$ cat final.cif   # mmCIF, C-alpha atoms and all ligand atoms
data_target
#
loop_
_atom_site.label_atom_id
_atom_site.label_comp_id
_atom_site.auth_asym_id
_atom_site.auth_seq_id
_atom_site.Cartn_x
_atom_site.Cartn_y
_atom_site.Cartn_z
CA MET P 1288 -147.07 -117.48 129.16
CA LYS P 1289 -147.30 -120.53 126.90
CA LYS P 1290 -148.75 -122.56 129.78
CA ILE P 1291 -151.46 -119.93 130.38
CA ASN P 1292 -152.33 -119.90 126.66
CA SER P 1293 -152.64 -123.67 126.48
CA GLU P 1294 -154.82 -123.69 129.62
CA GLN P 1295 -157.03 -120.99 128.09
CA GLU P 1296 -157.27 -123.00 124.89
CA LYS P 1297 -158.23 -126.14 126.86
CA GLU P 1298 -160.92 -124.17 128.68
CA ARG P 1299 -162.19 -122.76 125.40
CA GLN P 1300 -162.42 -126.27 123.94
CA ARG P 1301 -164.26 -127.56 127.01
CA LEU P 1302 -166.76 -124.71 126.89
CA THR P 1303 -167.25 -125.11 123.13
CA LYS P 1304 -167.99 -128.82 123.57
CA GLU P 1305 -170.53 -128.13 126.32
CA ILE P 1306 -172.15 -125.30 124.38
CA LEU P 1307 -172.58 -127.52 121.31
CA TYR P 1308 -174.06 -130.27 123.49
CA TRP P 1309 -176.63 -127.90 125.04
CA LYS P 1310 -177.38 -126.20 121.74
CA GLU P 1311 -178.25 -129.59 120.25
CA LYS P 1312 -180.26 -130.62 123.30
CA ARG P 1313 -182.27 -127.37 123.26
CA GLY P 1314 -182.65 -127.30 119.47
CA ALA P 1315 -181.48 -123.70 119.70
CA LEU P 1316 -180.25 -121.28 117.06
CA ILE P 1317 -177.29 -119.12 118.02
CA ILE P 1318 -177.02 -115.81 116.19
CA ALA P 1319 -174.28 -113.25 116.70
CA HIS P 1320 -173.67 -109.65 115.71
CA ASN P 1321 -170.58 -108.72 113.67
CA TYR P 1322 -169.16 -106.94 116.76
CA GLN P 1323 -169.14 -110.02 119.01
CA ILE P 1324 -165.87 -111.53 120.27
CA PRO P 1325 -164.24 -114.09 117.89
CA ALA P 1326 -165.06 -117.10 120.11
CA ILE P 1327 -168.77 -116.27 119.93
CA GLN P 1328 -168.69 -115.54 116.19
CA ASP P 1329 -167.02 -118.93 115.62
CA LEU P 1330 -169.77 -120.77 117.51
CA ALA P 1331 -172.74 -118.95 116.02
CA ASP P 1332 -174.98 -120.49 113.37
CA PHE P 1333 -175.16 -117.09 111.75
CA VAL P 1334 -173.20 -113.85 112.08
CA GLY P 1335 -174.57 -110.61 110.65
CA ASP P 1336 -175.71 -107.04 111.11
CA SER P 1337 -178.85 -106.16 113.03
CA LEU P 1338 -181.16 -106.31 109.99
CA GLU P 1339 -179.81 -109.71 108.89
CA LEU P 1340 -180.11 -111.05 112.43
CA SER P 1341 -183.72 -109.95 112.87
CA GLN P 1342 -184.60 -111.51 109.49
CA ARG P 1343 -182.82 -114.75 110.41
CA ALA P 1344 -184.55 -114.86 113.81
CA ALA P 1345 -187.95 -114.44 112.14
CA ALA P 1346 -187.24 -117.13 109.51
CA THR P 1347 -185.91 -119.92 111.74
CA ASP P 1348 -187.94 -122.97 112.79
CA ALA P 1349 -185.94 -123.19 116.03
CA ARG P 1350 -188.08 -122.49 119.09
CA ILE P 1351 -185.16 -121.10 121.07
CA ILE P 1352 -182.97 -118.28 119.75
CA VAL P 1353 -179.88 -117.27 121.66
CA PHE P 1354 -179.12 -113.72 120.66
CA CYS P 1355 -175.46 -112.81 121.06
CA GLY P 1356 -175.73 -109.07 120.65
CA VAL P 1357 -177.27 -106.27 122.67
CA HIS P 1358 -180.65 -106.00 124.35
CA PHE P 1359 -182.61 -103.98 121.75
CA MET P 1360 -181.67 -106.57 119.10
CA ALA P 1361 -183.02 -109.43 121.21
CA GLU P 1362 -186.17 -107.38 121.80
CA SER P 1363 -186.64 -106.98 118.03
CA ALA P 1364 -186.27 -110.75 117.58
CA SER P 1365 -188.85 -111.34 120.30
CA ILE P 1366 -191.25 -108.81 118.73
CA LEU P 1367 -190.99 -110.55 115.35
CA SER P 1368 -191.22 -114.05 116.82
CA PRO P 1369 -193.50 -113.78 119.89
CA LYS P 1370 -194.01 -117.54 120.11
CA LYS P 1371 -190.28 -118.27 120.26
CA THR P 1372 -188.07 -118.06 123.31
CA VAL P 1373 -185.43 -115.39 122.79
CA LEU P 1374 -182.51 -115.47 125.20
CA ILE P 1375 -179.67 -113.02 125.74
CA PRO P 1376 -176.65 -114.35 127.67
CA ASP P 1377 -176.22 -111.08 129.62
CA LEU P 1378 -179.13 -108.76 130.40
CA ASP P 1379 -176.73 -105.86 130.99
CA ALA P 1380 -175.63 -105.84 127.34
CA GLY P 1381 -177.26 -102.51 126.50
CA CYS P 1382 -176.48 -99.77 123.98
CA SER P 1383 -175.57 -96.14 124.65
CA LEU P 1384 -177.32 -95.06 121.46
CA ALA P 1385 -180.59 -96.85 122.34
CA ALA P 1386 -180.35 -95.32 125.83
CA SER P 1387 -180.16 -91.81 124.37
CA ILE P 1388 -183.95 -91.66 123.89
CA ASP P 1389 -186.88 -93.23 125.73
CA ALA P 1390 -190.60 -93.28 124.90
CA THR P 1391 -191.42 -90.28 127.16
CA GLU P 1392 -188.81 -88.14 125.41
CA LEU P 1393 -189.99 -89.26 121.96
CA ARG P 1394 -193.60 -88.43 122.87
CA LYS P 1395 -192.40 -84.89 123.78
CA TRP P 1396 -190.71 -84.52 120.38
CA LYS P 1397 -193.79 -85.87 118.62
CA LYS P 1398 -195.89 -83.18 120.34
CA ARG P 1399 -193.46 -80.55 119.05
CA TYR P 1400 -193.68 -81.94 115.47
CA PRO P 1401 -197.19 -83.44 115.35
CA ASP P 1402 -197.26 -83.90 111.56
CA ALA P 1403 -193.87 -85.58 111.28
CA VAL P 1404 -193.39 -89.20 110.23
CA VAL P 1405 -191.23 -90.86 112.89
CA VAL P 1406 -188.33 -92.94 111.56
CA SER P 1407 -186.39 -94.67 114.28
CA TYR P 1408 -183.11 -96.47 113.91
CA VAL P 1409 -183.37 -100.07 115.13
CA ASN P 1410 -180.99 -99.15 117.96
CA THR P 1411 -183.96 -98.15 120.13
CA SER P 1412 -186.04 -99.80 122.83
CA ALA P 1413 -189.30 -101.60 122.02
CA GLU P 1414 -191.21 -98.72 123.65
CA VAL P 1415 -189.60 -96.20 121.28
CA LYS P 1416 -190.33 -98.45 118.28
CA ALA P 1417 -193.96 -98.63 119.45
CA GLU P 1418 -194.11 -94.81 119.09
CA SER P 1419 -192.57 -94.87 115.58
CA ASP P 1420 -193.96 -95.10 112.04
CA TYR P 1421 -190.92 -96.75 110.46
CA CYS P 1422 -187.76 -98.45 111.68
CA CYS P 1423 -184.53 -98.44 109.71
CA THR P 1424 -181.01 -99.79 109.92
CA SER P 1425 -177.87 -98.20 108.53
CA THR P 1426 -178.26 -100.56 105.52
CA ASN P 1427 -181.70 -99.31 104.52
CA ALA P 1428 -182.10 -95.86 106.14
CA VAL P 1429 -181.79 -93.99 102.81
CA LYS P 1430 -184.30 -96.32 101.15
CA ILE P 1431 -186.81 -95.96 104.00
CA VAL P 1432 -186.58 -92.16 104.00
CA ASN P 1433 -186.88 -92.06 100.20
CA SER P 1434 -190.08 -94.11 100.44
CA ILE P 1435 -191.77 -91.32 102.45
CA PRO P 1436 -193.42 -88.60 100.30
CA GLY P 1437 -191.08 -85.61 99.95
CA ASN P 1438 -193.63 -83.16 101.37
CA ARG P 1439 -193.86 -85.03 104.70
CA GLN P 1440 -191.69 -83.83 107.55
CA ILE P 1441 -189.57 -86.60 109.12
CA LEU P 1442 -188.52 -86.91 112.74
CA PHE P 1443 -185.40 -89.11 112.69
CA VAL P 1444 -184.25 -90.69 115.98
CA PRO P 1445 -181.88 -91.21 117.70
CA ASP P 1446 -178.54 -91.15 115.82
CA MET P 1447 -177.60 -87.65 114.66
CA PHE P 1448 -174.70 -88.77 112.48
CA LEU P 1449 -176.77 -91.34 110.60
CA GLY P 1450 -179.61 -88.79 110.38
CA ASP P 1451 -177.28 -86.16 108.94
CA TYR P 1452 -175.85 -88.69 106.46
CA VAL P 1453 -179.37 -89.67 105.32
CA ALA P 1454 -180.50 -86.03 105.00
CA LYS P 1455 -177.45 -85.20 102.87
CA THR P 1456 -177.73 -88.33 100.73
CA THR P 1457 -181.45 -87.93 100.05
CA GLY P 1458 -181.27 -84.13 99.77
CA ARG P 1459 -184.17 -83.92 102.24
CA LYS P 1460 -184.53 -80.50 103.85
CA ASN P 1461 -187.45 -81.44 106.10
CA MET P 1462 -185.75 -83.91 108.46
CA ILE P 1463 -185.73 -83.11 112.19
CA ILE P 1464 -182.77 -85.01 113.63
CA TYR P 1465 -182.65 -86.03 117.28
CA PRO P 1466 -179.24 -85.36 118.91
CA GLY P 1467 -178.38 -88.92 120.04
CA GLU P 1468 -175.09 -90.74 119.41
CA CYS P 1469 -173.19 -93.97 119.97
CA HIS P 1470 -170.18 -93.50 122.26
CA VAL P 1471 -168.05 -95.81 120.10
CA HIS P 1472 -168.67 -94.20 116.72
CA ALA P 1473 -169.04 -90.59 117.88
CA ARG P 1474 -165.39 -90.36 118.94
CA VAL P 1475 -164.13 -90.57 115.34
CA ARG P 1476 -162.78 -87.25 114.06
CA PRO P 1477 -162.00 -86.23 110.46
CA SER P 1478 -158.30 -86.00 111.45
CA ASP P 1479 -158.38 -89.76 112.24
CA ILE P 1480 -159.24 -90.34 108.59
CA THR P 1481 -156.73 -87.92 107.09
CA ASP P 1482 -153.91 -89.17 109.38
CA LYS P 1483 -154.63 -92.79 108.44
CA MET P 1484 -154.79 -91.84 104.75
CA ASP P 1485 -151.27 -90.46 105.02
CA GLN P 1486 -150.09 -93.68 106.69
CA HIS P 1487 -151.91 -96.01 104.25
CA PRO P 1488 -152.12 -94.23 100.90
CA ALA P 1489 -153.21 -97.34 98.99
CA ALA P 1490 -155.98 -98.37 101.41
CA GLU P 1491 -159.72 -98.14 100.85
CA PHE P 1492 -161.66 -96.55 103.71
CA LEU P 1493 -164.85 -98.23 104.95
CA ILE P 1494 -166.78 -95.84 107.21
CA HIS P 1495 -169.92 -96.60 109.19
CA PRO P 1496 -172.59 -93.85 108.91
CA GLU P 1497 -172.84 -93.63 112.72
CA CYS P 1498 -169.29 -92.25 112.84
CA GLY P 1499 -168.66 -88.77 114.15
CA CYS P 1500 -166.70 -87.92 111.01
CA VAL P 1501 -169.45 -88.77 108.54
CA SER P 1502 -170.72 -85.28 107.83
CA SER P 1503 -167.17 -83.96 107.45
CA CYS P 1504 -166.27 -86.94 105.27
CA MET P 1505 -169.18 -86.19 102.98
CA HIS P 1506 -168.04 -82.60 102.79
CA TYR P 1507 -164.44 -83.70 102.04
CA LEU P 1508 -165.73 -86.16 99.45
CA ALA P 1509 -167.79 -83.47 97.71
CA SER P 1510 -164.85 -81.05 97.70
CA GLY P 1511 -162.42 -83.74 96.47
CA ASP P 1512 -160.21 -83.60 99.62
CA ILE P 1513 -160.87 -87.33 100.14
CA PRO P 1514 -160.84 -89.39 96.94
CA ALA P 1515 -164.36 -90.74 96.32
CA ASN P 1516 -163.08 -93.98 94.80
CA LYS P 1517 -161.25 -94.83 98.04
CA THR P 1518 -163.94 -93.97 100.59
CA ARG P 1519 -167.16 -95.89 101.16
CA ILE P 1520 -169.83 -95.13 103.72
CA LEU P 1521 -171.29 -98.55 104.49
CA SER P 1522 -173.26 -100.47 107.10
CA THR P 1523 -171.45 -103.43 108.67
CA GLY P 1524 -173.26 -105.78 106.27
CA GLY P 1525 -172.22 -103.51 103.40
CA MET P 1526 -168.58 -103.61 104.55
CA ILE P 1527 -168.59 -107.42 104.54
CA LYS P 1528 -170.01 -107.53 100.99
CA HIS P 1529 -167.76 -104.76 99.66
CA ALA P 1530 -164.54 -106.28 101.06
CA ARG P 1531 -165.34 -109.57 99.28
CA LYS P 1532 -165.72 -108.04 95.85
CA SER P 1533 -163.29 -105.11 95.94
CA PRO P 1534 -159.94 -105.62 94.14
CA SER P 1535 -158.20 -103.55 96.89
CA LYS P 1536 -155.76 -105.38 99.13
CA GLU P 1537 -155.81 -103.01 102.11
CA PHE P 1538 -158.74 -101.49 104.01
CA VAL P 1539 -159.04 -99.08 106.93
CA VAL P 1540 -162.23 -99.83 108.82
CA ALA P 1541 -164.13 -97.20 110.82
CA THR P 1542 -166.55 -99.10 113.01
CA GLU P 1543 -166.47 -101.30 116.13
CA THR P 1544 -163.29 -103.38 115.93
CA GLY P 1545 -165.10 -106.73 116.37
CA ILE P 1546 -165.89 -106.73 112.64
CA LEU P 1547 -162.18 -107.02 111.78
CA TYR P 1548 -162.19 -110.67 112.85
CA ARG P 1549 -164.88 -111.60 110.30
CA LEU P 1550 -163.35 -109.44 107.56
CA LYS P 1551 -159.94 -111.11 108.05
CA LYS P 1552 -161.44 -114.59 108.33
CA GLU P 1553 -163.39 -114.22 105.06
CA ASN P 1554 -160.59 -112.43 103.17
CA PRO P 1555 -157.30 -113.92 104.42
CA GLN P 1556 -155.36 -112.50 101.47
CA LYS P 1557 -156.38 -108.92 102.29
CA SER P 1558 -155.36 -106.64 105.14
CA PHE P 1559 -157.78 -104.80 107.46
CA ILE P 1560 -156.74 -102.05 109.85
CA ALA P 1561 -158.86 -100.40 112.54
CA LEU P 1562 -159.26 -96.64 112.08
CA ARG P 1563 -158.99 -96.37 115.87
CA ASP P 1564 -158.08 -99.27 118.15
CA ASP P 1565 -160.31 -97.84 120.87
CA MET P 1566 -163.52 -98.29 118.87
CA VAL P 1567 -164.62 -101.07 121.19
CA CYS P 1568 -168.20 -101.45 122.44
CA ARG P 1569 -168.09 -102.77 125.99
CA PHE P 1570 -171.72 -103.89 125.71
CA MET P 1571 -170.98 -106.11 122.71
CA LYS P 1572 -168.03 -107.67 124.55
CA MET P 1573 -170.19 -108.68 127.54
CA ILE P 1574 -171.24 -111.92 125.85
CA THR P 1575 -168.69 -114.61 126.66
CA LEU P 1576 -168.52 -118.40 126.29
CA PRO P 1577 -169.40 -119.11 129.97
CA LYS P 1578 -172.43 -116.77 129.69
CA LEU P 1579 -173.53 -118.41 126.42
CA LEU P 1580 -173.27 -121.82 128.07
CA ASN P 1581 -175.30 -120.64 131.06
CA SER P 1582 -177.92 -119.23 128.70
CA LEU P 1583 -178.40 -122.57 126.93
CA LYS P 1584 -178.21 -124.67 130.07
CA ASN P 1585 -180.54 -122.62 132.28
CA LEU P 1586 -182.59 -120.91 129.57
CA GLU P 1587 -181.46 -117.50 130.80
CA PHE P 1588 -182.18 -114.65 130.23
CA GLU P 1589 -185.44 -114.49 128.38
CA VAL P 1590 -186.23 -111.22 126.58
CA LYS P 1591 -189.99 -110.81 126.33
CA VAL P 1592 -191.73 -107.64 125.23
CA PRO P 1593 -195.24 -107.04 126.70
CA LYS P 1594 -197.87 -107.86 124.04
CA GLU P 1595 -199.37 -104.39 123.93
CA ILE P 1596 -195.96 -102.83 123.15
CA ALA P 1597 -194.81 -105.67 120.89
CA ASP P 1598 -197.95 -105.40 118.73
CA ARG P 1599 -197.33 -101.68 118.15
CA ALA P 1600 -193.55 -102.01 117.74
CA ARG P 1601 -193.99 -104.78 115.14
CA ILE P 1602 -195.68 -102.39 112.69
CA PRO P 1603 -192.64 -100.11 111.99
CA ILE P 1604 -190.28 -103.11 111.95
CA GLU P 1605 -192.45 -104.98 109.43
CA ARG P 1606 -192.77 -101.84 107.28
CA MET P 1607 -188.97 -101.69 107.21
CA LEU P 1608 -188.58 -105.39 106.38
CA LYS P 1609 -191.09 -105.08 103.55
CA LEU P 1610 -189.20 -102.14 102.06
CA SER P 1611 -185.85 -103.97 102.45
CA LYS P 1612 -186.83 -106.91 100.22
S1 LIG P 1701 -171.41 -99.97 119.07
FE1 LIG P 1701 -172.67 -98.20 119.71
S2 LIG P 1701 -174.61 -98.48 118.61
FE2 LIG P 1701 -173.53 -100.46 118.58
S3 LIG P 1701 -174.29 -101.57 120.37
FE3 LIG P 1701 -172.41 -100.51 121.01
S4 LIG P 1701 -173.16 -98.60 121.89
FE4 LIG P 1701 -174.84 -99.41 120.66
#
$ encode --input "final.cif" --output "structure tokens"
Amino acid sequence: MKKINSEQEKERQRLTKEILYWKEKRGALIIAHNYQIPAIQDLADFVGDSLELSQRAAATDARIIVFCGVHFMAESASILSPKKTVLIPDLDAGCSLAASIDATELRKWKKRYPDAVVVSYVNTSAEVKAESDYCCTSTNAVKIVNSIPGNRQILFVPDMFLGDYVAKTTGRKNMIIYPGECHVHARVRPSDITDKMDQHPAAEFLIHPECGCVSSCMHYLASGDIPANKTRILSTGGMIKHARKSPSKEFVVATETGILYRLKKENPQKSFIALRDDMVCRFMKMITLPKLLNSLKNLEFEVKVPKEIADRARIPIERMLKLSK
């Protein structure tokens, strides 16, 4: 076993050396989502949530951006930086949530609610963004919805748990919520939370608003069944910030387990436990060191959005970025 581990470590070191060589040669920026595998997070110039990554991609002077995340994120980077080359190390790194709605389906919903303002979560394809009025992330969804006059109906796509959370938080009664979900977050049940609370009575709970338990959690919070001072509903970026400043020593984390690596790395004196060990996104784990090396070496695989779609999709993204400042 030891021999295998040392061989793996040698291979990892060799790949890291080659990746750094090609990164330098290409003048590339490597950015990685919080859910990426540790080896990729360690090599990235910047690790963050989808909003932070799209802002970083737009701000960089680097002509080549290697996006270690999933396809819709690389598309957003390409939309915001059409003159830059945006690469994704594996074109199959998709997203079940983004796949839950396409532009044809959204156009049907828009026909049904012709006066509604369309707010789409960034976990959507460029074509869906091009049909939207605003984009949002889990960090800014409440802010974006609050910026829309209260008398305007809102069509919120595609995540029903985030949509429900936003409707409850803003008190909006005129939100039409599309029934899409992420297969990783949707599997969380309220009993997962209450069971873990029994096992870890001193822990703080950090819950992503895409989780299947969010509406029940909000109900439990309002009724006092879950202590409000121990439960936070936060985006991944919010979790990172909260864990740094909270005096708590133990946290149960309800989102994709890849974030635990960064939380532990930045807060070695604190303990972080996954709410469910099976909250693993297979798409996020598709990016590996050999694929990252191939991407830099052979400039594969470029993500380019056709100009006509990119020009329309840029409008809701830029509206969101403006409101997020
Ligand atoms: S965790 Fe869910 S929302 Fe995030 S990339 Fe994976 S499938 Fe998509």
$ residues_near_ligand --input "final.cif" --ligand "ligand LIG 1701 (chain P)" --cutoff "6 Å" --atoms "only C-alpha atoms and all ligand atoms" --output "NGL selection string"
:P and (1382-1384 or 1469-1471 or 1543 or 1568 or 1570)
$ write_last_selection --input "final.cif" --atoms "C-alpha atoms" --output "PDB file, in the frame of the given file"
ATOM      1  CA  CYS P1382    -176.480 -99.770 123.980  1.00  0.00           C
ATOM      2  CA  SER P1383    -175.570 -96.140 124.650  1.00  0.00           C
ATOM      3  CA  LEU P1384    -177.320 -95.060 121.460  1.00  0.00           C
ATOM      4  CA  CYS P1469    -173.190 -93.970 119.970  1.00  0.00           C
ATOM      5  CA  HIS P1470    -170.180 -93.500 122.260  1.00  0.00           C
ATOM      6  CA  VAL P1471    -168.050 -95.810 120.100  1.00  0.00           C
ATOM      7  CA  GLU P1543    -166.470-101.300 116.130  1.00  0.00           C
ATOM      8  CA  CYS P1568    -168.200-101.450 122.440  1.00  0.00           C
ATOM      9  CA  PHE P1570    -171.720-103.890 125.710  1.00  0.00           C
TER      10      PHE P1570
END
$ closest_residue --input "final.cif" --among "P:Asp1377, P:Tyr1465, P:Gln1295, P:Met1360" --to "Leu1393 (chain P)" --atoms "all atoms listed in the file"
P:Tyr1465
$ closest_residue --input "final.cif" --among "P:Val1415, P:Ile1463, P:Ala1530, P:Leu1316" --to "Asp1402 (chain P)" --atoms "all atoms listed in the file"
P:Ile1463
$ closest_residue --input "final.cif" --among "P:Ile1604, P:Ile1351, P:Val1453, P:Leu1547" --to "Ala1561 (chain P)" --atoms "only C-alpha atoms"
P:Leu1547
$ residues_near_point --input "final.cif" --point "(-186.9, -112.9, 119.5)" --cutoff "9 Å" --atoms "all atoms listed in the file" --output "PyMOL selection string"
chain P and resi 1341+1344-1345+1351-1354+1360-1374+1590-1591
$ atom_distance --input "final.cif" --atom1 "CA of Ile1306 (chain P)" --atom2 "CA of Lys1552 (chain P)"
22.1 Å
$ residues_around --input "final.cif" --residues "Met1566 (chain P)" --least-positions-apart "3" --cutoff "10 Å" --atoms "only C-alpha atoms" --output "VMD selection string"
chain P and resid 1470 to 1475 1541 to 1545 1561 to 1563 1569
$ decode --input "final.cif" --residues "region 1517-1534 of chain P" --atoms "N, CA and C atoms" --output "tab-separated table (two decimals), in the first residue's frame"
chain	number	residue	atom	x	y	z
P	1517	LYS	N	-27.55	28.48	15.30
P	1517	LYS	CA	-26.64	27.39	14.92
P	1517	LYS	C	-26.81	26.99	13.45
P	1518	THR	N	-27.73	27.62	12.75
P	1518	THR	CA	-28.01	27.19	11.38
P	1518	THR	C	-27.90	28.37	10.42
P	1519	ARG	N	-27.06	28.24	9.42
P	1519	ARG	CA	-26.90	29.32	8.44
P	1519	ARG	C	-27.18	28.76	7.06
P	1520	ILE	N	-27.94	29.52	6.28
P	1520	ILE	CA	-28.16	29.12	4.88
P	1520	ILE	C	-27.26	30.03	4.05
P	1521	LEU	N	-26.23	29.43	3.46
P	1521	LEU	CA	-25.16	30.22	2.83
P	1521	LEU	C	-24.73	29.63	1.50
P	1522	SER	N	-24.28	30.51	0.60
P	1522	SER	CA	-23.65	30.04	-0.64
P	1522	SER	C	-22.29	29.45	-0.27
P	1523	THR	N	-21.60	28.84	-1.23
P	1523	THR	CA	-20.29	28.28	-0.89
P	1523	THR	C	-19.32	29.39	-0.47
P	1524	GLY	N	-19.39	30.53	-1.19
P	1524	GLY	CA	-18.53	31.67	-0.82
P	1524	GLY	C	-18.87	32.15	0.59
P	1525	GLY	N	-20.16	32.17	0.91
P	1525	GLY	CA	-20.60	32.59	2.24
P	1525	GLY	C	-20.11	31.63	3.32
P	1526	MET	N	-20.08	30.34	3.00
P	1526	MET	CA	-19.60	29.34	3.98
P	1526	MET	C	-18.13	29.59	4.30
P	1527	ILE	N	-17.35	29.86	3.24
P	1527	ILE	CA	-15.91	30.10	3.43
P	1527	ILE	C	-15.71	31.31	4.36
P	1528	LYS	N	-16.44	32.39	4.08
P	1528	LYS	CA	-16.28	33.61	4.90
P	1528	LYS	C	-16.77	33.38	6.33
P	1529	HIS	N	-17.91	32.71	6.46
P	1529	HIS	CA	-18.49	32.52	7.80
P	1529	HIS	C	-17.58	31.64	8.67
P	1530	ALA	N	-17.04	30.57	8.08
P	1530	ALA	CA	-16.19	29.66	8.87
P	1530	ALA	C	-14.96	30.38	9.41
P	1531	ARG	N	-14.45	31.35	8.63
P	1531	ARG	CA	-13.26	32.11	9.08
P	1531	ARG	C	-13.57	32.92	10.32
P	1532	LYS	N	-14.74	33.59	10.32
P	1532	LYS	CA	-14.98	34.53	11.42
P	1532	LYS	C	-15.78	33.95	12.59
P	1533	SER	N	-16.41	32.80	12.40
P	1533	SER	CA	-17.24	32.26	13.48
P	1533	SER	C	-16.37	31.73	14.63
P	1534	PRO	N	-16.79	31.96	15.89
P	1534	PRO	CA	-16.02	31.40	17.02
P	1534	PRO	C	-16.25	29.90	17.18
